[in-house]
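Notes follow the structure.
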Amino acid sequence: MNPTPARLTACTFRPFPLLTRHARTNIPAMHVRLLLGPAGSGKTWRCVAEVRSALRAGPDGPPLLFLAPKQATFQLERQLLADPALGGFTRLRILSFDRLAARVLHELGAPAPELLAEEGRLMVLRALLTTHRERLTIFRATARLTGFAAELSGLLREFQRHQVAPERLARLAAEPALDAALRGKLEDLARLLDAYLDWLARHGLQDADSLLDVAAAALKPTAGKPRPPLRFGGLWLDGFAEMTPQELDLLAAVLPACDRATLAFCLDSPVHDTGHWLSHWAPVRESFRRLRDRLAALPGCELEIETLPRAPARNRFAGAPPLQHLEAHWGAPLAFPAGPGRAVRVIACANPLQEVTVAAREILRFTREAGGRFRETAVLVRSLEGYHEPLRRVFRRYGIPFFLDRRESVAHHPLAELTRGALRTAVWGWQHADWFSALKSGLVHRDPAPLDRLENEALARGWRGRDWLEPLAIPDQPRLAARLETLRAQLVPPFARLARTLTEAPPSGPELADALRRFWNDLDVEAELARWADAAAEERAESAAAIHRTVWEQMLTWLDNVRLAFSHERLPAREWLPILEAGLANLSVGVVPPALDQVLVGAVDRSRNPDLRQVILLGLNEGVFPAPPAAPVLLTQTERSQLGALGLDLTADRRRLLGRERYFGYIACTRARERLVATFSRADAADRPLGPSAWVAWLQRLFPALEIETAREPAGPAEVIHASELLLTGLPSKRLATPAAQFLAQAAGWTSEQLAQWRVRGEPAAERLSPALAARLYGSPRLSTSVSRLEQFAACPFQFFVAAGLRADERQRFEVDARQRGSFQHEVLRRFHETAVAAGRRWRDFTPDEARDCIGRIARAVAEEFGGGLLQADEAGSLTARGLTRMLQDFVAALVTWMRRGYAFNPVAAELAFGGRDATLPAWVLPLAGGGQLAITGQVDRVDVAPALEPDVLWCVVHDYKSSEHRFDALLFRHGVQMQLPAYLAAVCALDRPGGLPALPPGGPAAGVRLRPAGLFYANLRGSFPAGKSRGEVLGQAAEQAASAYQHRGRFTTEALDVLDARPDGRPSGQFAYSLTQAGELSRRAGDALTPGEFAEIETRLRAKLVELAGRILAGEAAVDPYQKGARLRACDQCRFQTVCRIDPWTHRYRRLG
């Protein structure tokens, strides 16, 4: 006999009847009220009031259930306990659907199933993808990709929540009406879902997503099995806009066990069956319809639908008519007859950071001027991504207590990084990045300084792999070696034990979990995390403290999932690694609100808001809120539509998603009962332009008199709302150490560390050192520095300050970088010169083939010892050495060819150092104002000399080796950015005893000769070869053309032209850049030749610029003031200290050279 269908009664409130039995079916009658009403009509208040009444009437009766979204349970507990007459309760359970399922199984006495958490699910899916990859058709190529397991997990969750079995997917895959690609996808998904469910069955596990099905099945009567004797005193449901088939099943199974039930929905009328899909009621209407139909089919269900009226005098918005108007006419905007006043405001901001700052100022103004509490304000966004960090940073600065309603990812928490690094270290053989990522997690060694020193030495000396399992040795620094070896001996044992467990034999899941737990215990991780939590709490970083306290339990849960999911599987270490990393990447923790009076910050679709007087809605921008429908990854929207046509309706289609956004907009704008403050940005954080959201225009249609305000910074102290604003806007950074600044910092609640951090962030453009401090840093009255350092100062004073004042430097790395390649080539050329001198030969005495052979022998010898075996450490280094050697052979062959034909100069020094610690020649000293001196040091790559016409005079040329074509730039020279070659030439020619040069031409003048500047040149070691159609064409170029590829660029005096290029035919050899007219005269159109007067002017300008720069250095200039030449060339391009500098290259006004 069919049971009597549910009876619909009038929409009026009356007390629940006593529990009776249905006359025809002997099934206990249940009374279910569907409580409807728009936002602010009192649905939650009614539910809370009924629960309070039930608790006061019978504190010890059957359990009462209150179903709410997971994130809302805490707020409901607070709301219930706000009644002073209700001191507490033991009868009520405020639960999410997941916890309801667990509660039902507990009440039935069923054994608690072993549940696999999301991280365990991901690890199993990653293992299955590895096992079944070759059997997949569509997803075979992508199965290995990072993130694929997470996407697959989300899609399988959709299948489970919509109760789609593998068999149904397989049947759909056989449908000829579907595209071939879709059929292939369904076959793959059916195979993977079946394999996953089979894995769970074989291991006796339940997926958390199937828990609701298990609980619903346990409650349903079957043949030979009556309904379990489970009773609940009542059930209330509130806060759900949409419900999945799983949730509907469980609710329908639980309701017959309840004496009464109130199910509340945000819906203004039950008659919406034909409502438009774009209506903001559409998502709730669909859930309501499905639930109503499901309950109507339950035997003995007395169904009542009650709709709460808007009741303007009694609802949430009774004191704010504009908000009342907004709620009533959100679906079809109707103009409000007056201005919204302070009830509805829209503020335009420059960027999201300013939006957050506006929110902070509004919150403080609300608490001071309107007598509000922090808990009476909520800050809502469509998504917290992109906002959570600015919100956290700005609210802390303004001293606003807040709770960020967001699960915090701990995938990169130090404990996760330690574990990931340790696993990779063991699997990949102690590679540097893996090993030091674990060491520097903060959980291995408390003091980072020794680890930094150890890492620096490891990078410089190439320690890697099994080097860490042997004692460290530094032959030339035994004391340092002893310290580092002591540290190594402390660090390695826990990692070595873990590595043995992983690599000696394939471990099972329980063995691996036990090994990781021992590893953590060896490092005393739990105690260290507790210390971190206590320290964070002392610094008022409650969120960080909560994460440190929670992450330990989360990681233990992760190990439990490893133990459960892989209880019998033994896998090699390399197969374990991607499985474990898939689980680690998904770890997150939920944080309980740490205080009662705090601002709630959350996403519109997640946060459950308490009774609010003010809501600040951020991010009303196009493409942000309303959010565009996210594109599905594994199944496209078109494919989902095809499946929907065959009866598999997984999720809302694009139209329903748009309706959902309308609903979220409605919810966000109707949370507050007094004030709504909405903001939007003109540009995003990357300075890309943004337009206002459709909701801004919507609000303007509702309130035609609404004026868009523009956010601005405080114009003066009278507009400052927090002491930090005086620090940030009214006080130069150089005055932050004054007592006034300390007082403001104390008033702002800043710690000394926060103040120090702001001093570092202060605007640097006007910074100067005191002359006394500059003298201490750089030396006085004698400033000793190199030309390259002075060029740094000319390029940017701050760059010089970091390099010469702070003496910062890059880490030395055991790798063949550009600097190492240059050092190798310079060393080979130096030894070539010394070899020639030792043999009593000049460079020109070598034939090109002899020079090639000599360079080859020297290069092989240098490569064996260079950089501690850097060029012999691997095949890449050896290949680099051979390539650099061939390059030098071609270069020297071209040089000796020129020397034998027309270049009359002879090299007399290579790598000539002057003024340095080990230099044989003195520094070049220039007098400064006030009696000081500038002592210039340096090292010249090569010095060439040739006899001049005057007796006791030698022409002098200096060369600077470059790895590519380099030219003398007159503009950069005038501004001091390119002075090295002119300074080297001047310094060498200023020697009192040029005979002190390491070598002079055989039979040359005596030591008392005078050197005369002839030229300065950049020598291109690589050569500039014209492009060809093929490699053979380029390599087969004529010798004359190949030699011209090594043309020297720079400046030279025409007086020395006959000595520089004395070819018999009188035509330019191509070694230098100049040209002759048809009459044989020097052409002035192009080239590097200068008249004697012009060439002499170089040294005059040089001396003046050197003295000027030295004076500015000693005066204390240290501003961040980089130059820009033209449209592209900037000092920052080659700066090694960009991580130290504080400018924004997009907004900084560069010093333009002209």
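Residues are named by chain letter and number: chains run A, B, ... in the order of the structure tokens, numbers start at 1 in each chain, and ligands are numbered from 1 in the order shown.
For A:Thr130, the list of residues within 10 Å, based on only C-alpha atoms and with local chain neighbours fewer than 6 positions off taken out, reads Val124, Arg140, Ala143, Arg144, Glu575, Pro578 and Ile579 of chain A.
Across the model, the gap from atom CA of A:His826 to atom CA of A:Glu965 is 16.6 Å.
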Nearby residues (only C-alpha atoms) at most 8 Å from stretch 473-489 of chain A, same-chain spacing under 4 positions excluded, as a tab-separated table (two decimals) with C-alpha atoms, in the first residue's frame:
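The resulting result-v6.tsv:
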chain	number	residue	atom	x	y	z
A	450	PRO	CA	76.39	28.69	10.57
A	454	LEU	CA	78.12	26.11	5.32
A	468	TRP	CA	78.08	15.13	2.76
A	493	PRO	CA	72.73	11.58	11.09
Find the residues around stretch 960-962 of chain A up to 7 Å (only C-alpha atoms counted), leave out those fewer than 5 positions away in its own chain, and share them as JSON, numbers by chain.
{"A": [940, 941, 942, 1017, 1018, 1019, 1020, 1021]}
Taking C-alpha atoms for each residue, export the selection above as a PDB file, in the first residue's frame.
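Produced file out_11.pdb, reproduced below:
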ATOM      1  CA  VAL A 940      95.150  46.173 -16.696  1.00  0.00           C
ATOM      2  CA  ASP A 941      94.534  43.208 -18.971  1.00  0.00           C
ATOM      3  CA  ARG A 942      97.396  44.073 -21.298  1.00  0.00           C
ATOM      4  CA  PHE A1017      90.995  49.539 -26.789  1.00  0.00           C
ATOM      5  CA  TYR A1018      88.406  46.908 -26.020  1.00  0.00           C
ATOM      6  CA  ALA A1019      89.527  43.550 -27.457  1.00  0.00           C
ATOM      7  CA  ASN A1020      86.693  41.223 -28.430  1.00  0.00           C
ATOM      8  CA  LEU A1021      87.805  37.684 -27.510  1.00  0.00           C
TER       9      LEU A1021
END
List as a PyMOL selection string the protein and nucleic acid residues near A:Arg121, meaning an atom at most 9 Å away when only C-alpha atoms are counted, but skip any in the same chain fewer than 2 places from it.
chain A and resi 116-119+123-126+153+196+207+561+565+583
A:Arg842: which residues within 7 Å, counting only C-alpha atoms, same-chain residues fewer than 4 positions away excluded, as an NGL selection string?
:A and (836-837 or 906)
Write out the residues from the selection above, keeping N, CA and C atoms, as an mmCIF file, in the first residue's frame.
data_model
loop_
_atom_site.group_PDB
_atom_site.id
_atom_site.type_symbol
_atom_site.label_atom_id
_atom_site.label_comp_id
_atom_site.auth_asym_id
_atom_site.auth_seq_id
_atom_site.Cartn_x
_atom_site.Cartn_y
_atom_site.Cartn_z
ATOM 1 N N ALA A 836 106.101 33.635 -23.373
ATOM 2 C CA ALA A 836 106.881 34.329 -24.404
ATOM 3 C C ALA A 836 108.055 35.087 -23.788
ATOM 4 N N VAL A 837 107.830 35.780 -22.698
ATOM 5 C CA VAL A 837 108.901 36.542 -22.044
ATOM 6 C C VAL A 837 109.985 35.602 -21.552
ATOM 7 N N ASN A 906 104.419 46.138 -28.946
ATOM 8 C CA ASN A 906 104.717 44.842 -28.351
ATOM 9 C C ASN A 906 104.142 44.782 -26.940
#
So which residues touch A:Pro1013 within 8 Å, counting only C-alpha atoms, skipping near sequence neighbours fewer than 2 positions away, as a list in words?
Trp955, Cys956, Val957, Leu985, Ala986, Cys989, Leu1011 and Gly1015 of chain A
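Each of A:Glu834, A:Glu362, A:Glu408, A:Asp1121 was checked against A:Asp1144 using only C-alpha atoms; the smallest atom-to-atom distance is that of A:Asp1121.
With only C-alpha atoms as the basis for measurement, A:Leu657 is the residue among A:Gly883, A:Gly644, A:Ala1073, A:Leu657 that approaches A:Pro628 most closely.
In terms of minimum interatomic distance to A:Ser567, A:Gly204 ranks closest within A:Val696, A:Gly1050, A:Gly204, A:Ile547, counting only C-alpha atoms.
Between A:Gly840 and the residues A:Ile94, A:Ala697, A:Ile1098, A:Val908, the shortest atom-to-atom distance, using only C-alpha atoms, involves A:Val908.
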Shortest interatomic distance to A:Ile347 - which of A:Arg712, A:His548, A:His432, A:Arg56, counting only C-alpha atoms:
A:Arg712
Among stretch 351-508 of chain A, which ones does DSSP assign to strand (DSSP E) (computed from the backbone)? Answer as a VMD selection string.
chain A and resid 377 to 381 402 to 404 408 to 409
Helix (DSSP H, G or I) call set, DSSP backbone run, stretch 214-358 of chain A, as a PyMOL selection string:
chain A and resi 214-219+245-257+282-296+321-328+352-358
Mind writing the picked residues with N, CA and C atoms as a compact mmCIF listing (two decimals), in the first residue's frame?
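For reference, again06.txt as written:
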# COMPACT_ATOMS: atom_id res chain seq x y z
N VAL A 214 27.28 6.18 3.32
CA VAL A 214 27.33 5.08 4.30
C VAL A 214 26.31 5.33 5.41
N ALA A 215 26.26 6.59 5.91
CA ALA A 215 25.32 6.90 6.99
C ALA A 215 23.88 6.80 6.51
N ALA A 216 23.61 7.29 5.30
CA ALA A 216 22.23 7.21 4.78
C ALA A 216 21.81 5.76 4.60
N ALA A 217 22.71 4.93 4.10
CA ALA A 217 22.38 3.51 3.92
C ALA A 217 22.13 2.83 5.25
N ALA A 218 22.85 3.22 6.30
CA ALA A 218 22.65 2.61 7.62
C ALA A 218 21.30 2.95 8.21
N LEU A 219 20.72 4.08 7.78
CA LEU A 219 19.43 4.50 8.34
C LEU A 219 18.24 3.94 7.57
N PRO A 245 22.99 15.82 -4.03
CA PRO A 245 22.15 14.63 -3.86
C PRO A 245 22.55 13.82 -2.63
N GLN A 246 23.83 13.76 -2.31
CA GLN A 246 24.25 13.04 -1.10
C GLN A 246 23.63 13.67 0.15
N GLU A 247 23.70 15.00 0.22
CA GLU A 247 23.16 15.69 1.40
C GLU A 247 21.64 15.52 1.47
N LEU A 248 20.98 15.59 0.32
CA LEU A 248 19.53 15.37 0.32
C LEU A 248 19.19 13.96 0.79
N ASP A 249 19.95 12.97 0.36
CA ASP A 249 19.71 11.58 0.78
C ASP A 249 19.85 11.44 2.29
N LEU A 250 20.94 11.97 2.84
CA LEU A 250 21.18 11.83 4.27
C LEU A 250 20.11 12.57 5.07
N LEU A 251 19.73 13.77 4.63
CA LEU A 251 18.69 14.51 5.34
C LEU A 251 17.37 13.76 5.31
N ALA A 252 17.02 13.22 4.15
CA ALA A 252 15.76 12.45 4.05
C ALA A 252 15.81 11.20 4.90
N ALA A 253 16.99 10.63 5.10
CA ALA A 253 17.10 9.42 5.94
C ALA A 253 17.06 9.76 7.42
N VAL A 254 17.52 10.94 7.79
CA VAL A 254 17.56 11.32 9.21
C VAL A 254 16.22 11.86 9.68
N LEU A 255 15.49 12.57 8.83
CA LEU A 255 14.27 13.24 9.26
C LEU A 255 13.25 12.29 9.90
N PRO A 256 13.03 11.06 9.38
CA PRO A 256 12.07 10.17 10.05
C PRO A 256 12.45 9.85 11.49
N ALA A 257 13.70 10.05 11.86
CA ALA A 257 14.11 9.78 13.23
C ALA A 257 13.99 11.00 14.12
N ALA A 282 17.44 31.77 -7.99
CA ALA A 282 17.50 30.52 -8.75
C ALA A 282 18.25 29.40 -8.02
N PRO A 283 19.45 29.64 -7.46
CA PRO A 283 20.15 28.52 -6.81
C PRO A 283 19.38 27.94 -5.63
N VAL A 284 18.83 28.82 -4.78
CA VAL A 284 18.11 28.34 -3.60
C VAL A 284 16.79 27.69 -4.03
N ARG A 285 16.15 28.28 -5.05
CA ARG A 285 14.88 27.74 -5.53
C ARG A 285 15.04 26.29 -5.97
N GLU A 286 16.15 25.98 -6.66
CA GLU A 286 16.36 24.62 -7.15
C GLU A 286 16.56 23.65 -5.98
N SER A 287 17.35 24.05 -4.98
CA SER A 287 17.55 23.18 -3.81
C SER A 287 16.25 22.99 -3.05
N PHE A 288 15.51 24.07 -2.88
CA PHE A 288 14.23 23.99 -2.18
C PHE A 288 13.27 23.04 -2.90
N ARG A 289 13.20 23.17 -4.23
CA ARG A 289 12.28 22.32 -5.00
C ARG A 289 12.63 20.85 -4.84
N ARG A 290 13.91 20.53 -4.96
CA ARG A 290 14.31 19.13 -4.84
C ARG A 290 14.02 18.58 -3.45
N LEU A 291 14.30 19.38 -2.42
CA LEU A 291 14.05 18.92 -1.06
C LEU A 291 12.56 18.77 -0.81
N ARG A 292 11.76 19.74 -1.27
CA ARG A 292 10.31 19.66 -1.07
C ARG A 292 9.75 18.40 -1.73
N ASP A 293 10.17 18.14 -2.96
CA ASP A 293 9.67 16.95 -3.64
C ASP A 293 10.13 15.68 -2.93
N ARG A 294 11.35 15.71 -2.43
CA ARG A 294 11.86 14.51 -1.74
C ARG A 294 11.09 14.25 -0.45
N LEU A 295 10.81 15.33 0.30
CA LEU A 295 10.08 15.16 1.55
C LEU A 295 8.62 14.80 1.30
N ALA A 296 8.07 15.33 0.24
CA ALA A 296 6.67 15.02 -0.06
C ALA A 296 6.47 13.54 -0.34
N PRO A 321 16.36 52.39 6.07
CA PRO A 321 15.46 52.26 4.91
C PRO A 321 16.20 52.05 3.59
N PRO A 322 17.37 52.67 3.34
CA PRO A 322 18.05 52.38 2.07
C PRO A 322 18.42 50.90 1.92
N LEU A 323 18.89 50.27 2.99
CA LEU A 323 19.22 48.84 2.92
C LEU A 323 17.97 48.00 2.76
N GLN A 324 16.90 48.45 3.38
CA GLN A 324 15.63 47.74 3.21
C GLN A 324 15.17 47.81 1.75
N HIS A 325 15.34 48.96 1.17
CA HIS A 325 15.00 49.13 -0.25
C HIS A 325 15.89 48.26 -1.13
N LEU A 326 17.17 48.21 -0.82
CA LEU A 326 18.12 47.40 -1.60
C LEU A 326 17.70 45.94 -1.59
N GLU A 327 17.33 45.43 -0.41
CA GLU A 327 16.95 44.01 -0.31
C GLU A 327 15.67 43.73 -1.09
N ALA A 328 14.72 44.60 -0.96
CA ALA A 328 13.41 44.34 -1.56
C ALA A 328 13.45 44.43 -3.08
N PRO A 352 43.97 47.41 -5.02
CA PRO A 352 43.46 46.62 -3.89
C PRO A 352 44.06 47.00 -2.54
N LEU A 353 45.34 47.39 -2.53
CA LEU A 353 45.95 47.79 -1.26
C LEU A 353 45.24 49.00 -0.68
N GLN A 354 44.88 49.96 -1.52
CA GLN A 354 44.15 51.11 -1.01
C GLN A 354 42.75 50.72 -0.57
N GLU A 355 42.14 49.76 -1.24
CA GLU A 355 40.85 49.25 -0.79
C GLU A 355 40.94 48.74 0.65
N VAL A 356 41.97 47.99 0.92
CA VAL A 356 42.15 47.43 2.26
C VAL A 356 42.40 48.54 3.26
N THR A 357 43.19 49.54 2.88
CA THR A 357 43.44 50.67 3.77
C THR A 357 42.16 51.43 4.06
N VAL A 358 41.32 51.63 3.04
CA VAL A 358 40.02 52.27 3.25
C VAL A 358 39.19 51.45 4.23
